[in-house]
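Undergrad: I'd like to ask you about the structure that follows.
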Amino acid sequence: MANVWVFVEEGDDGPSTLGQELLAKARVLGDVTALYLGSGDDSAFATLGEHGASTVVHIECGDRLASGPVAAALADKAGADSPDLILFGQAYNDRDVAGRLAARLGVGVLSNASDVTLSEGGVETSHEVFGGSQIATAEMTTGPFIVLIRPKSFVAEATGGGAPSVSTLELPDVGASEARVTGSHAEDREGPQLGDAAVIVSGGRGLGSAEAYELVENLAKPLDAATGATRAIVDAGWVPYAKQVGQTGKTVKPDVYIACGISGAMQHLVGMKDSGTIVAINKDPDAPIFSIADLGVVGDVHQVLPKLAEALADR
Ligand SMILES: Cc1cc2nc3c(=O)[nH]c(=O)nc-3n(C[C@H](O)[C@H](O)[C@H](O)COP(=O)(O)OP(=O)(O)OC[C@H]3O[C@@H](n4cnc5c(N)ncnc54)[C@H](O)[C@@H]3O)c2cc1C
């Protein structure tokens with residue numbers, strides 16, 4: 001049975017959703033060790049077990065920046081334990097640690113993968129290219145295989161696994177390359193979050209102004225939806241970066257995605273095209289967003305959105 005390591009970061013409430021998605025894949029590939037970065041407690045370790053980890057290696061960094069010491073410690077551990085595959089998510093700390101770990105082990109990294117399979121002596125990964133219209137495959141035969149997986153590639157699901165065995169990873173002193181976190185800022189967040197919401201209402205430049213984003217929020221409220229945005233309106237300062245959906249923002253996969261005044265640039269589509277049902281509202285009947293929409297309304301967002309919100313309120 002393959003020895004599969006999965007890097008899982010702590011989220012707001014235990015193991016992150018991205019980490020749980022990776023565990024869902026890892027458990028069908030082999031015996032799973034979760035490398036858990038965070039303060040950790042019995043409840044978090046139990047959750048990792050329920051998602052398929054038979055072993056948990058707890059990594060606590062305090063105010064130390066994870067990448068240097070964690071990569072050094074994992075490189076030593078990999079030498080002793082010989083993992084076949086090490087899965088990371090396509091996220092900041094994951095990328096930092098994966099790159100440094102690969103350099104220490106003298107192996108490559110396959111990044112931005114949407115699927116991974118193990119074969120005799122190798123690993124094969126799938127990568128979406130040209131906005132997901134084509135799938136490229138890559139293969140690596142020198143292990144341990146380090147693979148970075150895009151969010152929402154797999155469905156996070158507990159399988160009711162038992163309590164894992166837990167050990168702690170000692171972090172070495174990495175000398176001059178050591179960096180410390182001197183401050184962090186938690187963005188104000190309220191209501192459903194983009195990563196978890198069943199419904200997302202997103203706004204683009206077609207709204208015309210920062211104030212008009214209220215139309216998106218008013219529609220989101222009765223739907224219990226999260227609110228998203230294109231990079232155009234994030235760059236314009238209308239909404240914070242945390243709301244950006246797309247290539248350089250979040251990848252989302254809600255049941256319903258409502259795109260309001262969004263043209264449908266490839267860099268936006270790549271972050272939301274796998275949504276269950278896509279509804280687009282745009283005054284241009286030739287807007288590219290209509291090519292992937294299940295339902296399209298050709299109209300002005302300033303007229304359509306208040307009417308929709310009103311109709312929902314009536315129901
Ligand atoms: C490297 C790179 C990375 C990028 N990453 C991202 C990313 O992560 N996410 C992202 O979103 N973009 C990203 N972009 C930007 C992307 O290419 C587009 O510029 C952006 O998505 C366009 O945003 P938009 O649809 O809001 O604006 P526009 O393209 O300007 O579209 C506005 C739309 O609104 C419609 N409209 C105008 N007025 C109204 C009205 N009153 N009612 C209804 N419809 C109306 C117009 O017909 C138009 O279709 C990236 C670009 C690059 C180069």
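Labeling convention for the structure tokens: chains A, B, ... as they appear, residues from 1 per chain, ligands from 1 in order of appearance.
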Can you build me a table of chain A residues sitting at most 8 Å from ligand 1, with the closest atom pair per residue and its distance in Å to one decimal, using only C-alpha atoms and all ligand atoms, sorted by chain and residue number, as CSV?

TA:
```
residue,atom,partner,partner_atom_place_in_ligand_line,distance
A:Gly203,CA,ligand 1,26 (O),6.8
A:Gly204,CA,ligand 1,26 (O),3.2
A:Arg205,CA,ligand 1,26 (O),3.8
A:Gly206,CA,ligand 1,34 (O),3.3
A:Leu207,CA,ligand 1,41 (N),5.8
A:Gly208,CA,ligand 1,38 (N),6.5
A:Ala229,CA,ligand 1,11 (O),6.6
A:Thr230,CA,ligand 1,11 (O),3.3
A:Arg231,CA,ligand 1,10 (C),4.0
A:Ala232,CA,ligand 1,23 (O),4.4
A:Ile233,CA,ligand 1,26 (O),6.0
A:Gln244,CA,ligand 1,9 (N),5.9
A:Val245,CA,ligand 1,9 (N),5.1
A:Gly246,CA,ligand 1,8 (O),3.3
A:Gln247,CA,ligand 1,8 (O),3.8
A:Thr248,CA,ligand 1,8 (O),3.6
A:Gly249,CA,ligand 1,8 (O),4.3
A:Lys250,CA,ligand 1,8 (O),7.1
A:Cys260,CA,ligand 1,43 (C),6.5
A:Gly261,CA,ligand 1,44 (N),3.7
A:Ile262,CA,ligand 1,25 (O),3.5
A:Ser263,CA,ligand 1,49 (O),3.3
A:Gly264,CA,ligand 1,25 (O),5.6
A:Ala265,CA,ligand 1,21 (O),4.9
A:Met266,CA,ligand 1,17 (O),6.5
A:Gln267,CA,ligand 1,6 (C),4.5
A:His268,CA,ligand 1,11 (O),3.9
A:Leu269,CA,ligand 1,11 (O),7.6
A:Gly271,CA,ligand 1,8 (O),7.0
A:Ile281,CA,ligand 1,43 (C),5.9
A:Asn282,CA,ligand 1,44 (N),3.6
A:Lys283,CA,ligand 1,43 (C),4.2
A:Asp284,CA,ligand 1,47 (O),4.5
A:Pro285,CA,ligand 1,47 (O),8.0
A:Ala287,CA,ligand 1,49 (O),5.1
A:Pro288,CA,ligand 1,49 (O),7.5
A:Ile289,CA,ligand 1,49 (O),7.7
A:Val298,CA,ligand 1,43 (C),7.5
A:Gly299,CA,ligand 1,43 (C),5.7
A:Asp300,CA,ligand 1,42 (N),3.4
A:Val301,CA,ligand 1,42 (N),4.0
A:His302,CA,ligand 1,41 (N),6.0
```

Undergrad: For the residues in that selection, give me C-alpha atoms as a compact mmCIF listing (two decimals), in the first residue's frame.

TA:
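selection36.txt, freshly written:
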```
# COMPACT_ATOMS: atom_id res chain seq x y z
CA GLY A 203 -20.55 41.21 -9.31
CA GLY A 204 -18.38 42.67 -12.06
CA ARG A 205 -17.58 45.98 -13.69
CA GLY A 206 -21.06 46.06 -15.25
CA LEU A 207 -22.35 47.20 -11.84
CA GLY A 208 -20.86 50.57 -12.71
CA ALA A 229 -16.36 39.58 -7.45
CA THR A 230 -14.19 39.83 -10.53
CA ARG A 231 -10.64 41.07 -10.38
CA ALA A 232 -11.69 44.21 -12.27
CA ILE A 233 -13.74 45.46 -9.32
CA GLN A 244 -12.13 37.67 -5.90
CA VAL A 245 -13.08 34.56 -7.86
CA GLY A 246 -10.78 33.28 -10.60
CA GLN A 247 -7.28 32.38 -11.61
CA THR A 248 -5.62 34.69 -9.11
CA GLY A 249 -8.49 34.56 -6.63
CA LYS A 250 -10.59 31.73 -5.22
CA CYS A 260 -23.96 39.96 -12.47
CA GLY A 261 -22.38 42.35 -14.97
CA ILE A 262 -19.47 39.98 -15.55
CA SER A 263 -18.08 39.56 -19.07
CA GLY A 264 -16.74 36.01 -18.58
CA ALA A 265 -13.01 36.46 -19.13
CA MET A 266 -11.13 33.16 -19.08
CA GLN A 267 -9.33 34.16 -15.87
CA HIS A 268 -12.71 34.50 -14.13
CA LEU A 269 -14.28 31.39 -15.67
CA GLY A 271 -12.46 29.89 -10.91
CA ILE A 281 -27.06 38.69 -16.15
CA ASN A 282 -25.42 40.92 -18.74
CA LYS A 283 -26.71 43.61 -21.07
CA ASP A 284 -24.53 42.36 -23.94
CA PRO A 285 -26.10 39.24 -25.56
CA ALA A 287 -20.87 38.40 -23.58
CA PRO A 288 -18.68 35.26 -23.25
CA ILE A 289 -20.24 34.43 -19.87
CA VAL A 298 -29.92 39.86 -21.23
CA GLY A 299 -30.58 43.03 -19.30
CA ASP A 300 -29.32 45.84 -17.13
CA VAL A 301 -28.21 44.70 -13.66
CA HIS A 302 -29.67 47.88 -12.17
```

Undergrad: Within 10 Å of Thr33 in chain A, counting only C-alpha atoms, which residues qualify if same-chain residues fewer than 3 places away don't, as a list in words?

TA: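 Listing them by chain and then by number gives Asn3, Val4, Trp5, Val6, Phe7, Leu23, Ala26, Arg27, Gly30, Tyr36, Leu48, Gly49, Gly52, Ala53, Ser54, Thr55, Val56, Val57, Pro83, Ile86, Pro164, Ser165 and Val166 of chain A.
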
Undergrad: When DSSP works through the backbone of this structure, what residues of range 71-310 of chain A end up as strand (DSSP E), shown as an NGL selection string?

TA: :A and (85-89 or 109-113 or 115-119 or 122-129 or 134-140 or 145-149 or 165-168 or 199-203 or 226-229 or 256-260 or 277-282 or 295-298)

Undergrad: Selection from above, C-alpha atoms, as a tab-separated table (two decimals), in the first residue's frame, can you write it?

TA:
```tsv
chain	number	residue	atom	x	y	z
A	85	LEU	CA	3.46	10.74	-2.55
A	86	ILE	CA	3.18	14.08	-0.72
A	87	LEU	CA	0.05	16.10	-1.48
A	88	PHE	CA	-0.20	19.83	-0.88
A	89	GLY	CA	-3.03	22.26	-1.73
A	109	VAL	CA	7.00	19.46	-8.02
A	110	LEU	CA	3.88	18.99	-10.13
A	111	SER	CA	1.74	22.02	-9.41
A	112	ASN	CA	-1.82	23.18	-10.09
A	113	ALA	CA	-3.07	19.62	-10.61
A	115	ASP	CA	-6.25	14.99	-10.29
A	116	VAL	CA	-3.52	12.55	-9.35
A	117	THR	CA	-3.03	8.81	-9.78
A	118	LEU	CA	-0.22	6.51	-8.74
A	119	SER	CA	1.10	3.99	-11.23
A	122	GLY	CA	5.38	6.82	-11.05
A	123	VAL	CA	2.71	9.42	-10.56
A	124	GLU	CA	0.41	10.95	-13.17
A	125	THR	CA	-1.38	14.27	-12.76
A	126	SER	CA	-4.05	16.16	-14.71
A	127	HIS	CA	-3.85	19.91	-15.24
A	128	GLU	CA	-6.57	22.13	-16.67
A	129	VAL	CA	-5.25	24.48	-19.36
A	134	GLN	CA	-8.19	21.15	-22.32
A	135	ILE	CA	-6.59	18.71	-19.87
A	136	ALA	CA	-2.82	18.22	-19.94
A	137	THR	CA	-1.30	15.22	-18.19
A	138	ALA	CA	2.12	15.07	-16.59
A	139	GLU	CA	4.16	12.20	-15.23
A	140	MET	CA	7.00	11.98	-12.72
A	145	PHE	CA	6.30	12.68	-5.72
A	146	ILE	CA	5.30	16.17	-4.58
A	147	VAL	CA	2.00	17.33	-6.05
A	148	LEU	CA	0.06	20.57	-5.49
A	149	ILE	CA	-3.70	20.22	-5.98
A	165	SER	CA	-2.09	7.97	16.12
A	166	VAL	CA	-0.60	11.42	16.76
A	167	SER	CA	3.04	12.49	17.00
A	168	THR	CA	4.70	15.90	17.05
A	199	VAL	CA	-25.06	29.78	-3.66
A	200	ILE	CA	-22.74	32.61	-4.75
A	201	VAL	CA	-23.78	35.95	-6.22
A	202	SER	CA	-20.85	37.73	-7.88
A	203	GLY	CA	-20.55	41.21	-9.31
A	226	ALA	CA	-21.84	34.32	-0.35
A	227	THR	CA	-20.84	37.35	-2.42
A	228	GLY	CA	-18.00	37.26	-4.96
A	229	ALA	CA	-16.36	39.58	-7.45
A	256	VAL	CA	-25.61	27.95	-8.05
A	257	TYR	CA	-23.38	30.81	-9.28
A	258	ILE	CA	-25.08	34.08	-10.30
A	259	ALA	CA	-22.78	36.33	-12.37
A	260	CYS	CA	-23.96	39.96	-12.47
A	277	THR	CA	-25.94	25.90	-12.29
A	278	ILE	CA	-24.60	29.14	-13.72
A	279	VAL	CA	-26.90	32.12	-14.12
A	280	ALA	CA	-25.61	35.20	-15.98
A	281	ILE	CA	-27.06	38.69	-16.15
A	282	ASN	CA	-25.42	40.92	-18.74
A	295	LEU	CA	-29.58	30.41	-17.68
A	296	GLY	CA	-29.00	33.86	-19.12
A	297	VAL	CA	-30.78	37.17	-18.68
A	298	VAL	CA	-29.92	39.86	-21.23
```

Undergrad: Would you mind listing what lies within 7 Å of Leu171 in chain A as a VMD selection string, with only C-alpha atoms counted and same-chain residues fewer than 6 positions away left out?

TA: chain A and resid 69 to 70 73

Undergrad: Which residues come within 9 Å of Arg104 in chain A, counting only C-alpha atoms, excluding same-chain residues fewer than 6 positions away, as a PyMOL selection string?

TA: chain A and resi 71-72+75

Undergrad: Measuring atom to atom with only C-alpha atoms, identify which of A:Asp96, A:Gly237, A:Asn218, A:Lys152 is nearest to Pro306 in chain A.

TA: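 Closest to Pro306 in chain A of all the choices is A:Asn218.
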
Undergrad: Near Pro15 in chain A, within 12 Å and counting only C-alpha atoms, which residues show up once chain neighbours fewer than 2 positions away are dropped, as a PyMOL selection string?

TA: chain A and resi 6-13+17-23+34-51+53+56+58+156+158

Undergrad: Go ahead and write the residues just picked, C-alpha atoms, as a PDB file, in the first residue's frame.

TA:
```pdb
ATOM      1  CA  VAL A   6      -1.097  15.098   3.058  1.00  0.00           C
ATOM      2  CA  PHE A   7      -0.275  18.625   4.208  1.00  0.00           C
ATOM      3  CA  VAL A   8      -3.329  20.012   6.032  1.00  0.00           C
ATOM      4  CA  GLU A   9      -3.497  23.523   7.422  1.00  0.00           C
ATOM      5  CA  GLU A  10      -5.694  24.524  10.312  1.00  0.00           C
ATOM      6  CA  GLY A  11      -8.688  26.605   9.227  1.00  0.00           C
ATOM      7  CA  ASP A  12     -11.167  28.630  11.298  1.00  0.00           C
ATOM      8  CA  ASP A  13     -12.692  25.500  12.744  1.00  0.00           C
ATOM      9  CA  THR A  17     -11.685  22.419   3.735  1.00  0.00           C
ATOM     10  CA  LEU A  18      -8.832  22.220   1.218  1.00  0.00           C
ATOM     11  CA  GLY A  19      -6.976  19.777   3.478  1.00  0.00           C
ATOM     12  CA  GLN A  20     -10.107  17.660   3.821  1.00  0.00           C
ATOM     13  CA  GLU A  21     -10.470  17.584   0.024  1.00  0.00           C
ATOM     14  CA  LEU A  22      -6.907  16.269  -0.296  1.00  0.00           C
ATOM     15  CA  LEU A  23      -7.572  13.613   2.348  1.00  0.00           C
ATOM     16  CA  ALA A  34      -1.811  14.003   7.737  1.00  0.00           C
ATOM     17  CA  LEU A  35       0.880  16.643   8.313  1.00  0.00           C
ATOM     18  CA  TYR A  36      -1.226  19.030  10.393  1.00  0.00           C
ATOM     19  CA  LEU A  37      -0.027  22.622  10.633  1.00  0.00           C
ATOM     20  CA  GLY A  38      -1.744  24.556  13.406  1.00  0.00           C
ATOM     21  CA  SER A  39      -2.361  24.703  17.137  1.00  0.00           C
ATOM     22  CA  GLY A  40      -4.211  21.358  16.981  1.00  0.00           C
ATOM     23  CA  ASP A  41      -6.398  19.616  19.560  1.00  0.00           C
ATOM     24  CA  ASP A  42      -8.133  16.270  20.035  1.00  0.00           C
ATOM     25  CA  SER A  43     -11.154  17.389  18.048  1.00  0.00           C
ATOM     26  CA  ALA A  44      -8.995  18.417  15.049  1.00  0.00           C
ATOM     27  CA  PHE A  45      -7.079  15.125  15.170  1.00  0.00           C
ATOM     28  CA  ALA A  46     -10.371  13.183  15.357  1.00  0.00           C
ATOM     29  CA  THR A  47     -11.635  15.068  12.289  1.00  0.00           C
ATOM     30  CA  LEU A  48      -8.476  14.105  10.392  1.00  0.00           C
ATOM     31  CA  GLY A  49      -9.117  10.470  11.363  1.00  0.00           C
ATOM     32  CA  GLU A  50     -12.719  10.687  10.186  1.00  0.00           C
ATOM     33  CA  HIS A  51     -11.435  11.945   6.834  1.00  0.00           C
ATOM     34  CA  ALA A  53      -5.793   9.778   8.157  1.00  0.00           C
ATOM     35  CA  VAL A  56      -1.251  12.594  12.266  1.00  0.00           C
ATOM     36  CA  HIS A  58       1.310  17.648  14.377  1.00  0.00           C
ATOM     37  CA  ALA A 156     -14.401  16.746   1.235  1.00  0.00           C
ATOM     38  CA  ALA A 158     -15.855  12.194   6.275  1.00  0.00           C
TER      39      ALA A 158
END
```

Undergrad: Could you write out, as an MDAnalysis selection string, all the residues of range 75-194 of chain A that DSSP marks as helix (DSSP H, G or I)?

TA: chainID A and resid 75:81 92:105 130:132 175:177

Undergrad: Could you write out that same residue set with N, CA and C atoms as an mmCIF file, in the first residue's frame?

TA:
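File result.cif, as written:
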```cif
data_model
loop_
_atom_site.group_PDB
_atom_site.id
_atom_site.type_symbol
_atom_site.label_atom_id
_atom_site.label_comp_id
_atom_site.auth_asym_id
_atom_site.auth_seq_id
_atom_site.Cartn_x
_atom_site.Cartn_y
_atom_site.Cartn_z
ATOM 1 N N ALA A 75 11.868 17.100 5.309
ATOM 2 C CA ALA A 75 12.898 16.455 4.476
ATOM 3 C C ALA A 75 13.577 15.345 5.274
ATOM 4 N N ASP A 76 13.886 15.618 6.543
ATOM 5 C CA ASP A 76 14.491 14.587 7.398
ATOM 6 C C ASP A 76 13.545 13.418 7.580
ATOM 7 N N LYS A 77 12.283 13.764 7.829
ATOM 8 C CA LYS A 77 11.287 12.701 8.075
ATOM 9 C C LYS A 77 11.075 11.863 6.812
ATOM 10 N N ALA A 78 11.079 12.521 5.665
ATOM 11 C CA ALA A 78 10.890 11.784 4.405
ATOM 12 C C ALA A 78 12.046 10.808 4.202
ATOM 13 N N GLY A 79 13.249 11.219 4.598
ATOM 14 C CA GLY A 79 14.404 10.317 4.490
ATOM 15 C C GLY A 79 14.187 9.063 5.313
ATOM 16 N N ALA A 80 13.564 9.225 6.482
ATOM 17 C CA ALA A 80 13.361 8.076 7.383
ATOM 18 C C ALA A 80 12.134 7.254 6.998
ATOM 19 N N ASP A 81 11.042 7.923 6.556
ATOM 20 C CA ASP A 81 9.763 7.216 6.366
ATOM 21 C C ASP A 81 9.459 6.851 4.910
ATOM 22 N N TYR A 92 -0.979 29.305 -0.056
ATOM 23 C CA TYR A 92 0.283 30.009 0.207
ATOM 24 C C TYR A 92 1.305 29.186 0.989
ATOM 25 N N ASN A 93 0.947 28.763 2.204
ATOM 26 C CA ASN A 93 1.917 28.012 3.010
ATOM 27 C C ASN A 93 2.281 26.701 2.336
ATOM 28 N N ASP A 94 1.289 26.071 1.734
ATOM 29 C CA ASP A 94 1.521 24.792 1.047
ATOM 30 C C ASP A 94 2.592 24.957 -0.028
ATOM 31 N N ARG A 95 2.450 26.023 -0.828
ATOM 32 C CA ARG A 95 3.397 26.229 -1.937
ATOM 33 C C ARG A 95 4.794 26.497 -1.413
ATOM 34 N N ASP A 96 4.862 27.298 -0.346
ATOM 35 C CA ASP A 96 6.160 27.636 0.256
ATOM 36 C C ASP A 96 6.875 26.387 0.741
ATOM 37 N N VAL A 97 6.128 25.565 1.490
ATOM 38 C CA VAL A 97 6.742 24.366 2.064
ATOM 39 C C VAL A 97 7.098 23.379 0.952
ATOM 40 N N ALA A 98 6.173 23.195 -0.011
ATOM 41 C CA ALA A 98 6.396 22.200 -1.079
ATOM 42 C C ALA A 98 7.654 22.537 -1.883
ATOM 43 N N GLY A 99 7.830 23.799 -2.230
ATOM 44 C CA GLY A 99 8.991 24.195 -3.034
ATOM 45 C C GLY A 99 10.297 23.945 -2.304
ATOM 46 N N ARG A 100 10.335 24.349 -1.036
ATOM 47 C CA ARG A 100 11.567 24.161 -0.261
ATOM 48 C C ARG A 100 11.840 22.682 0.001
ATOM 49 N N LEU A 101 10.769 21.934 0.251
ATOM 50 C CA LEU A 101 10.927 20.490 0.496
ATOM 51 C C LEU A 101 11.486 19.803 -0.758
ATOM 52 N N ALA A 102 10.937 20.181 -1.906
ATOM 53 C CA ALA A 102 11.400 19.577 -3.163
ATOM 54 C C ALA A 102 12.882 19.880 -3.378
ATOM 55 N N ALA A 103 13.279 21.119 -3.086
ATOM 56 C CA ALA A 103 14.691 21.490 -3.265
ATOM 57 C C ALA A 103 15.569 20.661 -2.332
ATOM 58 N N ARG A 104 15.124 20.487 -1.096
ATOM 59 C CA ARG A 104 15.923 19.703 -0.147
ATOM 60 C C ARG A 104 16.023 18.227 -0.555
ATOM 61 N N LEU A 105 14.915 17.704 -1.142
ATOM 62 C CA LEU A 105 14.920 16.282 -1.516
ATOM 63 C C LEU A 105 15.498 16.062 -2.918
ATOM 64 N N PHE A 130 -5.947 26.356 -20.728
ATOM 65 C CA PHE A 130 -6.854 27.168 -21.561
ATOM 66 C C PHE A 130 -8.234 27.259 -20.910
ATOM 67 N N GLY A 131 -8.231 27.702 -19.636
ATOM 68 C CA GLY A 131 -9.493 27.916 -18.931
ATOM 69 C C GLY A 131 -10.266 26.631 -18.691
ATOM 70 N N GLY A 132 -9.578 25.508 -18.683
ATOM 71 C CA GLY A 132 -10.240 24.237 -18.404
ATOM 72 C C GLY A 132 -10.810 23.578 -19.638
ATOM 73 N N GLY A 175 18.653 28.711 11.132
ATOM 74 C CA GLY A 175 19.661 29.761 11.087
ATOM 75 C C GLY A 175 19.197 31.025 10.414
ATOM 76 N N ALA A 176 20.055 31.576 9.551
ATOM 77 C CA ALA A 176 19.818 32.907 8.989
ATOM 78 C C ALA A 176 18.565 32.975 8.123
ATOM 79 N N SER A 177 18.123 31.828 7.597
ATOM 80 C CA SER A 177 16.947 31.876 6.713
ATOM 81 C C SER A 177 15.629 31.865 7.496
#
```

Undergrad: Work out how far CA of Phe154 in chain A is from CA of Lys243 in chain A, in Å to one decimal.

TA: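 Between CA of Lys243 in chain A and CA of Phe154 in chain A the gap works out to 21.8 Å.
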